[in-house]
Structure formats: structure tokens, C-alpha cells
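Below is target27.csv, which holds CSV, N, CA and C atoms.
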chain,number,residue,atom,x,y,z
A,1,MET,N,18.9,-26.4,31.7
A,1,MET,CA,20.0,-27.3,31.4
A,1,MET,C,20.4,-27.1,30.0
A,2,PRO,N,21.7,-27.0,29.7
A,2,PRO,CA,22.2,-26.8,28.4
A,2,PRO,C,22.0,-28.0,27.5
A,3,VAL,N,21.7,-27.8,26.3
A,3,VAL,CA,21.5,-28.9,25.3
A,3,VAL,C,22.5,-28.7,24.2
A,4,GLN,N,23.2,-29.8,24.0
A,4,GLN,CA,24.3,-29.8,22.9
A,4,GLN,C,23.6,-30.3,21.6
A,5,ASN,N,23.5,-29.4,20.6
A,5,ASN,CA,22.9,-29.7,19.4
A,5,ASN,C,23.9,-30.1,18.3
A,6,ALA,N,25.1,-29.9,18.5
A,6,ALA,CA,26.1,-30.2,17.5
A,6,ALA,C,26.2,-31.7,17.3
A,7,ILE,N,26.3,-32.1,16.0
A,7,ILE,CA,26.5,-33.5,15.7
A,7,ILE,C,27.9,-33.7,15.2
A,8,ARG,N,28.7,-34.4,16.0
A,8,ARG,CA,30.1,-34.6,15.7
A,8,ARG,C,30.4,-35.9,15.0
A,9,THR,N,31.4,-35.9,14.1
A,9,THR,CA,31.8,-37.2,13.5
A,9,THR,C,32.6,-38.0,14.5
A,10,GLU,N,32.8,-39.2,14.3
A,10,GLU,CA,33.6,-40.1,15.2
A,10,GLU,C,35.1,-39.5,15.2
A,11,LEU,N,35.6,-39.1,14.1
A,11,LEU,CA,36.9,-38.6,14.1
A,11,LEU,C,37.0,-37.3,14.9
A,12,ALA,N,36.0,-36.4,14.8
A,12,ALA,CA,36.1,-35.2,15.6
A,12,ALA,C,35.9,-35.5,17.1
A,13,LEU,N,35.1,-36.5,17.5
A,13,LEU,CA,34.9,-36.8,18.9
A,13,LEU,C,36.2,-37.4,19.4
A,14,LYS,N,36.9,-38.2,18.6
A,14,LYS,CA,38.2,-38.8,19.0
A,14,LYS,C,39.2,-37.7,19.3
A,15,HIS,N,39.2,-36.7,18.4
A,15,HIS,CA,40.2,-35.6,18.5
A,15,HIS,C,39.9,-34.8,19.8
A,16,PHE,N,38.6,-34.5,20.1
A,16,PHE,CA,38.2,-33.8,21.3
A,16,PHE,C,38.6,-34.5,22.5
A,17,LYS,N,38.5,-35.9,22.5
A,17,LYS,CA,38.8,-36.7,23.7
A,17,LYS,C,40.3,-36.6,23.9
A,18,TYR,N,41.2,-36.7,22.9
A,18,TYR,CA,42.6,-36.6,23.0
A,18,TYR,C,43.0,-35.2,23.5
A,19,ILE,N,42.4,-34.1,23.0
A,19,ILE,CA,42.7,-32.8,23.4
A,19,ILE,C,42.3,-32.6,24.9
A,20,SER,N,41.3,-33.3,25.4
A,20,SER,CA,40.9,-33.1,26.8
A,20,SER,C,42.0,-33.5,27.7
A,21,TYR,N,42.8,-34.5,27.4
A,21,TYR,CA,43.9,-35.0,28.2
A,21,TYR,C,45.0,-33.9,28.2
A,22,GLU,N,45.2,-33.2,27.1
A,22,GLU,CA,46.2,-32.2,27.1
A,22,GLU,C,45.8,-31.0,28.0
A,23,THR,N,44.5,-30.6,27.9
A,23,THR,CA,44.1,-29.5,28.8
A,23,THR,C,44.0,-30.0,30.3
A,24,LEU,N,43.8,-31.2,30.5
A,24,LEU,CA,43.8,-31.7,31.9
A,24,LEU,C,45.2,-31.6,32.5
A,25,ALA,N,46.2,-32.1,31.7
A,25,ALA,CA,47.6,-32.0,32.2
A,25,ALA,C,48.0,-30.5,32.4
A,26,ALA,N,47.6,-29.7,31.4
A,26,ALA,CA,47.9,-28.3,31.5
A,26,ALA,C,47.2,-27.6,32.8
A,27,SER,N,46.0,-28.0,33.1
A,27,SER,CA,45.4,-27.4,34.3
A,27,SER,C,46.0,-27.9,35.6
A,28,TRP,N,46.4,-29.2,35.6
A,28,TRP,CA,47.1,-29.7,36.8
A,28,TRP,C,48.4,-29.0,37.0
A,29,LEU,N,49.2,-28.8,35.9
A,29,LEU,CA,50.5,-28.2,36.0
A,29,LEU,C,50.3,-26.7,36.4
A,30,THR,N,49.3,-26.1,35.9
A,30,THR,CA,49.0,-24.7,36.3
A,30,THR,C,48.7,-24.6,37.8
A,31,GLU,N,47.9,-25.5,38.2
A,31,GLU,CA,47.5,-25.6,39.7
A,31,GLU,C,48.7,-25.7,40.6
A,32,ASP,N,49.8,-26.4,40.0
A,32,ASP,CA,51.0,-26.6,40.8
A,32,ASP,C,52.0,-25.5,40.7
A,33,GLY,N,51.6,-24.4,40.0
A,33,GLY,CA,52.5,-23.2,39.9
A,33,GLY,C,53.3,-23.1,38.7
A,34,TRP,N,53.2,-24.0,37.7
A,34,TRP,CA,54.0,-23.9,36.5
A,34,TRP,C,53.3,-22.9,35.5
A,35,GLU,N,54.1,-22.2,34.7
A,35,GLU,CA,53.5,-21.5,33.6
A,35,GLU,C,53.3,-22.5,32.5
A,36,VAL,N,52.1,-22.5,31.9
A,36,VAL,CA,51.8,-23.5,30.9
A,36,VAL,C,51.4,-22.8,29.6
A,37,PHE,N,52.0,-23.2,28.5
A,37,PHE,CA,51.7,-22.6,27.2
A,37,PHE,C,51.3,-23.8,26.3
A,38,MET,N,50.3,-23.5,25.4
A,38,MET,CA,49.8,-24.4,24.5
A,38,MET,C,50.0,-23.9,23.1
A,39,PRO,N,50.8,-24.6,22.2
A,39,PRO,CA,51.1,-24.1,20.9
A,39,PRO,C,49.8,-23.9,20.1
A,40,MET,N,49.8,-22.9,19.3
A,40,MET,CA,48.6,-22.7,18.4
A,40,MET,C,48.6,-23.8,17.3
A,41,VAL,N,49.8,-24.2,16.9
A,41,VAL,CA,49.9,-25.3,15.9
A,41,VAL,C,50.9,-26.3,16.4
A,42,ASP,N,50.6,-27.6,16.4
A,42,ASP,CA,51.5,-28.6,16.9
A,42,ASP,C,51.8,-29.6,15.7
A,43,HIS,N,52.1,-29.0,14.6
A,43,HIS,CA,52.4,-29.9,13.4
A,43,HIS,C,53.8,-30.3,13.3
A,44,ASP,N,54.0,-31.6,13.6
A,44,ASP,CA,55.3,-32.3,13.4
A,44,ASP,C,56.3,-31.8,14.5
A,45,LYS,N,56.0,-31.1,15.5
A,45,LYS,CA,56.9,-30.7,16.6
A,45,LYS,C,56.7,-31.6,17.8
A,46,LYS,N,55.6,-32.2,17.9
A,46,LYS,CA,55.3,-33.1,19.1
A,46,LYS,C,55.3,-32.4,20.4
A,47,THR,N,55.0,-31.1,20.4
A,47,THR,CA,54.9,-30.4,21.6
A,47,THR,C,53.5,-30.0,21.9
A,48,ASP,N,52.8,-30.8,22.8
A,48,ASP,CA,51.4,-30.5,23.1
A,48,ASP,C,51.3,-29.3,24.1
A,49,ILE,N,52.2,-29.3,25.1
A,49,ILE,CA,52.2,-28.2,26.0
A,49,ILE,C,53.7,-27.9,26.3
A,50,LEU,N,53.9,-26.6,26.7
A,50,LEU,CA,55.2,-26.1,27.1
A,50,LEU,C,55.1,-25.6,28.5
A,51,VAL,N,55.9,-26.2,29.4
A,51,VAL,CA,55.8,-25.7,30.8
A,51,VAL,C,57.1,-25.0,31.2
A,52,ALA,N,56.9,-24.0,32.1
A,52,ALA,CA,58.1,-23.2,32.4
A,52,ALA,C,58.0,-22.8,33.9
A,53,ASP,N,59.2,-22.7,34.4
A,53,ASP,CA,59.4,-22.0,35.7
A,53,ASP,C,60.1,-20.7,35.4
A,54,ASP,N,60.8,-20.1,36.3
A,54,ASP,CA,61.4,-18.8,36.1
A,54,ASP,C,62.6,-18.9,35.1
A,55,THR,N,63.2,-20.1,35.0
A,55,THR,CA,64.5,-20.2,34.2
A,55,THR,C,64.5,-21.3,33.1
A,56,ASN,N,63.5,-22.2,33.2
A,56,ASN,CA,63.6,-23.4,32.3
A,56,ASN,C,62.2,-23.6,31.6
A,57,PHE,N,62.4,-24.1,30.4
A,57,PHE,CA,61.2,-24.5,29.6
A,57,PHE,C,61.3,-26.0,29.3
A,58,TYR,N,60.1,-26.6,29.3
A,58,TYR,CA,60.1,-28.1,29.1
A,58,TYR,C,59.0,-28.4,28.0
A,59,ARG,N,59.4,-29.1,27.0
A,59,ARG,CA,58.4,-29.5,26.0
A,59,ARG,C,57.8,-30.9,26.4
A,60,VAL,N,56.5,-30.9,26.3
A,60,VAL,CA,55.8,-32.1,26.8
A,60,VAL,C,54.8,-32.6,25.7
A,61,GLN,N,54.9,-33.9,25.5
A,61,GLN,CA,54.0,-34.6,24.6
A,61,GLN,C,53.0,-35.3,25.5
A,62,VAL,N,51.7,-35.2,25.2
A,62,VAL,CA,50.6,-35.9,26.0
A,62,VAL,C,50.0,-37.0,25.1
A,63,LYS,N,50.0,-38.2,25.6
A,63,LYS,CA,49.4,-39.3,24.8
A,63,LYS,C,48.3,-40.0,25.6
A,64,ALA,N,47.1,-40.2,25.0
A,64,ALA,CA,46.0,-40.9,25.5
A,64,ALA,C,46.1,-42.3,24.9
A,65,ILE,N,46.1,-43.3,25.8
A,65,ILE,CA,46.2,-44.7,25.3
A,65,ILE,C,44.9,-45.4,25.7
A,66,ASN,N,44.4,-46.2,24.7
A,66,ASN,CA,43.1,-46.8,24.9
A,66,ASN,C,43.4,-48.2,25.4
A,67,SER,N,43.8,-48.3,26.7
A,67,SER,CA,44.1,-49.6,27.3
A,67,SER,C,43.8,-49.6,28.8
A,68,HIS,N,43.4,-50.7,29.3
A,68,HIS,CA,43.2,-50.9,30.7
A,68,HIS,C,44.5,-51.5,31.3
A,69,ASP,N,45.3,-52.1,30.4
A,69,ASP,CA,46.4,-52.8,30.8
A,69,ASP,C,47.7,-52.0,30.9
A,70,GLU,N,48.3,-51.9,32.0
A,70,GLU,CA,49.6,-51.1,32.2
A,70,GLU,C,50.8,-51.9,31.7
A,71,ASP,N,50.7,-53.2,31.5
A,71,ASP,CA,51.8,-54.0,31.0
A,71,ASP,C,51.8,-54.1,29.5
A,72,ILE,N,51.8,-53.0,28.9
A,72,ILE,CA,51.8,-52.9,27.4
A,72,ILE,C,53.0,-52.2,26.9
A,73,TYR,N,53.3,-52.3,25.6
A,73,TYR,CA,54.3,-51.5,25.0
A,73,TYR,C,53.7,-50.3,24.3
A,74,VAL,N,54.4,-49.2,24.4
A,74,VAL,CA,54.0,-47.9,23.8
A,74,VAL,C,55.0,-47.6,22.7
A,75,GLU,N,54.5,-47.0,21.6
A,75,GLU,CA,55.4,-46.7,20.5
A,75,GLU,C,56.0,-45.3,20.8
A,76,ASN,N,57.2,-45.2,20.3
A,76,ASN,CA,58.0,-43.9,20.4
A,76,ASN,C,57.5,-43.0,19.2
A,77,LYS,N,56.7,-42.1,19.6
A,77,LYS,CA,56.1,-41.1,18.6
A,77,LYS,C,56.9,-39.8,18.5
A,78,CYS,N,58.0,-39.7,19.3
A,78,CYS,CA,58.8,-38.5,19.4
A,78,CYS,C,60.2,-38.6,18.9
A,79,GLU,N,60.5,-39.7,18.3
A,79,GLU,CA,61.8,-39.9,17.8
A,79,GLU,C,62.3,-38.8,16.9
A,80,GLY,N,63.5,-38.3,17.3
A,80,GLY,CA,64.1,-37.2,16.5
A,80,GLY,C,63.6,-35.8,16.9
A,81,LYS,N,62.7,-35.8,17.9
A,81,LYS,CA,62.2,-34.5,18.3
A,81,LYS,C,62.7,-34.2,19.7
A,82,GLU,N,62.9,-32.9,20.0
A,82,GLU,CA,63.4,-32.5,21.3
A,82,GLU,C,62.3,-32.4,22.3
A,83,ILE,N,61.9,-33.5,22.8
A,83,ILE,CA,60.9,-33.5,23.9
A,83,ILE,C,61.5,-33.8,25.2
A,84,ASP,N,61.0,-33.2,26.2
A,84,ASP,CA,61.6,-33.4,27.6
A,84,ASP,C,60.8,-34.5,28.4
A,85,PHE,N,59.5,-34.5,28.2
A,85,PHE,CA,58.6,-35.5,28.9
A,85,PHE,C,57.5,-35.9,28.1
A,86,VAL,N,57.0,-37.1,28.3
A,86,VAL,CA,55.8,-37.7,27.7
A,86,VAL,C,54.9,-38.1,28.8
A,87,ILE,N,53.7,-37.7,28.7
A,87,ILE,CA,52.6,-38.0,29.7
A,87,ILE,C,51.7,-39.0,29.0
A,88,PHE,N,51.5,-40.1,29.6
A,88,PHE,CA,50.5,-41.1,29.1
A,88,PHE,C,49.3,-41.2,30.0
A,89,PHE,N,48.1,-41.0,29.4
A,89,PHE,CA,46.9,-41.1,30.2
A,89,PHE,C,46.2,-42.4,29.7
A,90,SER,N,45.7,-43.2,30.6
A,90,SER,CA,44.8,-44.3,30.2
A,90,SER,C,43.4,-43.8,30.0
A,91,MET,N,42.8,-44.1,28.9
A,91,MET,CA,41.5,-43.7,28.6
A,91,MET,C,40.4,-44.7,29.2
A,92,GLN,N,40.9,-45.8,29.6
A,92,GLN,CA,40.0,-46.8,30.2
A,92,GLN,C,40.2,-47.0,31.7
A,93,GLY,N,41.4,-46.6,32.2
A,93,GLY,CA,41.7,-46.7,33.6
A,93,GLY,C,41.8,-45.4,34.2
A,94,ASN,N,42.0,-45.3,35.5
A,94,ASN,CA,42.2,-44.0,36.2
A,94,ASN,C,43.6,-43.8,36.6
A,95,TRP,N,44.5,-44.0,35.7
A,95,TRP,CA,46.0,-44.0,35.9
A,95,TRP,C,46.7,-43.4,34.7
A,96,GLY,N,47.9,-43.1,34.9
A,96,GLY,CA,48.8,-42.7,33.8
A,96,GLY,C,50.2,-42.8,34.2
A,97,TYR,N,51.1,-42.4,33.3
A,97,TYR,CA,52.6,-42.4,33.6
A,97,TYR,C,53.2,-41.2,33.0
A,98,VAL,N,54.2,-40.7,33.7
A,98,VAL,CA,55.1,-39.6,33.3
A,98,VAL,C,56.4,-40.3,32.9
A,99,ALA,N,56.9,-39.9,31.8
A,99,ALA,CA,58.2,-40.6,31.3
A,99,ALA,C,59.1,-39.6,30.6
A,100,LYS,N,60.4,-39.9,30.6
A,100,LYS,CA,61.3,-39.2,29.7
A,100,LYS,C,61.2,-39.9,28.4
A,101,PRO,N,61.5,-39.2,27.3
A,101,PRO,CA,61.4,-39.8,26.0
A,101,PRO,C,62.4,-41.0,26.0
A,102,PHE,N,62.0,-42.0,25.3
A,102,PHE,CA,62.9,-43.2,25.2
A,102,PHE,C,63.4,-43.2,23.7
A,103,THR,N,64.6,-43.9,23.6
A,103,THR,CA,65.2,-43.9,22.3
A,103,THR,C,64.9,-45.1,21.4
A,104,SER,N,64.4,-46.1,22.0
A,104,SER,CA,64.0,-47.3,21.3
A,104,SER,C,62.7,-47.0,20.5
A,105,ASN,N,62.3,-47.9,19.6
A,105,ASN,CA,61.1,-47.8,18.8
A,105,ASN,C,59.8,-47.9,19.7
A,106,ARG,N,60.0,-48.7,20.8
A,106,ARG,CA,58.9,-48.9,21.7
A,106,ARG,C,59.4,-49.2,23.1
A,107,ALA,N,58.6,-49.0,24.1
A,107,ALA,CA,59.0,-49.3,25.5
A,107,ALA,C,57.8,-49.8,26.3
A,108,LYS,N,58.2,-50.6,27.3
A,108,LYS,CA,57.1,-51.0,28.2
A,108,LYS,C,56.6,-49.9,29.0
A,109,LEU,N,55.3,-49.7,29.1
A,109,LEU,CA,54.7,-48.5,29.7
A,109,LEU,C,55.0,-48.6,31.2
A,110,ASN,N,54.9,-49.7,31.9
A,110,ASN,CA,55.0,-49.7,33.3
A,110,ASN,C,56.5,-50.1,33.8
A,111,THR,N,57.4,-49.7,33.0
A,111,THR,CA,58.8,-49.9,33.4
A,111,THR,C,59.2,-49.0,34.6
A,112,LYS,N,60.2,-49.4,35.3
A,112,LYS,CA,60.6,-48.6,36.5
A,112,LYS,C,61.0,-47.2,36.3
A,113,GLU,N,61.4,-46.9,35.0
A,113,GLU,CA,61.8,-45.5,34.7
A,113,GLU,C,60.6,-44.6,34.6
A,114,HIS,N,59.5,-45.1,34.3
A,114,HIS,CA,58.3,-44.3,34.1
A,114,HIS,C,57.6,-44.2,35.5
A,115,ILE,N,57.1,-43.0,35.8
A,115,ILE,CA,56.4,-42.7,37.1
A,115,ILE,C,54.9,-42.8,36.9
A,116,ARG,N,54.3,-43.7,37.7
A,116,ARG,CA,52.9,-44.0,37.6
A,116,ARG,C,52.2,-42.9,38.5
A,117,PHE,N,51.0,-42.5,38.0
A,117,PHE,CA,50.1,-41.6,38.8
A,117,PHE,C,48.7,-42.0,38.7
A,118,HIS,N,47.9,-41.7,39.7
A,118,HIS,CA,46.5,-41.9,39.7
A,118,HIS,C,46.0,-40.6,39.1
A,119,GLN,N,44.9,-40.6,38.3
A,119,GLN,CA,44.4,-39.4,37.6
A,119,GLN,C,43.7,-38.5,38.6
A,120,HIS,N,44.6,-37.8,39.3
A,120,HIS,CA,44.1,-36.7,40.2
A,120,HIS,C,45.3,-35.7,40.3
A,121,SER,N,45.0,-34.4,40.4
A,121,SER,CA,46.0,-33.4,40.3
A,121,SER,C,47.2,-33.6,41.3
A,122,VAL,N,46.8,-34.0,42.6
A,122,VAL,CA,47.9,-34.2,43.6
A,122,VAL,C,48.8,-35.3,43.2
A,123,ASN,N,48.3,-36.4,42.8
A,123,ASN,CA,49.1,-37.6,42.4
A,123,ASN,C,49.9,-37.3,41.1
A,124,PHE,N,49.2,-36.6,40.2
A,124,PHE,CA,49.9,-36.3,38.9
A,124,PHE,C,51.1,-35.4,39.2
A,125,ASN,N,50.9,-34.3,40.0
A,125,ASN,CA,52.0,-33.4,40.2
A,125,ASN,C,53.1,-34.0,41.0
A,126,ARG,N,52.8,-34.9,41.9
A,126,ARG,CA,53.8,-35.6,42.7
A,126,ARG,C,54.7,-36.5,41.7
A,127,ALA,N,54.0,-37.1,40.8
A,127,ALA,CA,54.7,-37.9,39.8
A,127,ALA,C,55.6,-37.1,38.9
A,128,PHE,N,55.1,-35.9,38.5
A,128,PHE,CA,55.8,-35.0,37.6
A,128,PHE,C,57.1,-34.5,38.2
A,129,LYS,N,57.0,-34.3,39.5
A,129,LYS,CA,58.2,-33.8,40.3
A,129,LYS,C,59.3,-34.9,40.4
A,130,LYS,N,58.8,-36.2,40.4
A,130,LYS,CA,59.8,-37.3,40.6
A,130,LYS,C,60.6,-37.6,39.3
A,131,ILE,N,60.0,-37.3,38.2
A,131,ILE,CA,60.7,-37.6,36.9
A,131,ILE,C,61.9,-36.8,36.7
Could you render the structure as C-alpha cells?
Amino acid sequence: MPVQNAIRTELALKHFKYISYETLAASWLTEDGWEVFMPMVDHDKKTDILVADDTNFYRVQVKAINSHDEDIYVENKCEGKEIDFVIFFSMQGNWGYVAKPFTSNRAKLNTKEHIRFHQHSVNFNRAFKKI
């Protein structure tokens, strides 16, 4: 059995957790046939993953939210950036939302414009196709 001997700071563990949602979304999109690219550096561009088919590229921001409640407001972290989609993962629940970027400072997460998904590849890809 492997033993992990690394001692991580709380800040590092938090970063690893957030990155895990980006790689999860990337793996599900890859499974569905998308080309998925991950920037080497994501400083101030708000592009966590780039997805493509044969003719289009889409910039995607992935957000992990520490809430069990879907009836919350989420902040607009992409204002002024050219983002095509935002994917919200609940860190406490087994659900998430796919959304187009919103122009207001904040928006209700479970609004009818956002597509809810159960955290499973089939449900996620179905929601991504609906947006």
C-alpha cells in the first residue's frame, strides 16, 4: 500500500482540492470526445481549461464552492474576461452547475439559466450540451 509522506500546508491542500475539480471536468469532457487543453499558466485570464471540437474553442472557468446550499449567490470572478462557460462544483454536495458568464456582480446559482448536474460524467456531459 502506498504511503504518502508529504506534509502539506492548509493552503496547498486547498489548492490541490480546487485543481482536482478542474481535472475532473477535463476528464469528463475528454470522455465525451472534446479536445481539452489546460494552460500552463492561468494568471489573470480566468481560463482553467480550453475545450475544442474541430472548429470551435471554448474558454472555461471552473469554480469549487464550499456550500451544500444551491440557493446561494455566486460572485462574478470573470468580469471583463472572455470566458464562454463557468462550471461550479459543490465541494459538500454531489452536484454542480454549468453556466454562461453573467454580467452582474453576482448571480443566484440555481437560476433557470444555469444547468444543474449530478457529479457524474454522464450527467455532467448532458448538462454541458444543454448550455
Exercise for the section: Could you tell me how far CA of Tyr97 in chain A lies from CA of Tyr58 in chain A, in Å and to one decimal? Expected result: 16.8 Å
Practice task
Could you give me, as number ranges by chain, the residues within 5 Å of Leu50 in chain A, counting only N, CA and C atoms and dropping anything in the same chain fewer than 3 positions from it?
Solution key: A: 36-38, 58-59
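When CA of Lys108 in chain A is paired with CA of Arg126 in chain A, their separation reads 21.4 Å.
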Exercise for the section: Within 7 Å of Ser90 in chain A, counting all atoms listed in the file, which residues show up once you throw out same-chain ones fewer than 6 positions away? Write them as a PyMOL selection string, please. Expected result: chain A and resi 63-68+96-97
Handout entry: From A:Val3, A:Cys78, A:Ile115, A:Ile19, residue lying nearest Lys46 in chain A [all atoms listed in the file]
Key =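 The closest residue to Lys46 in chain A is A:Cys78.
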Problem - One-decimal distance in Å that lies between CA of Val98 in chain A and atom N of Val122 in chain A - result: 13.7 Å
Handout entry: Shortest interatomic distance to Ala107 in chain A - which of A:Ala127, A:Val74, A:Val86, A:Ala25, counting all atoms listed in the file
Key =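 So, comparing all the options, the nearest one is A:Val74.
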Exercise for the section: Go through A:Ile72, A:Val60, A:Leu11, A:Ile87 one by one, measure the shortest atom-to-atom distance of each to Thr111 in chain A using only N, CA and C atoms, and give the residue with the smallest value. Expected result: A:Ile72
Practice task
Compare A:Phe124, A:Trp34, A:Phe85, A:Phe117 by their minimum atom-to-atom distance to Lys100 in chain A, counting all atoms listed in the file, and give me the closest one.
Solution key: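 Looking at the shortest contact to Lys100 in chain A, the residue is A:Phe85.
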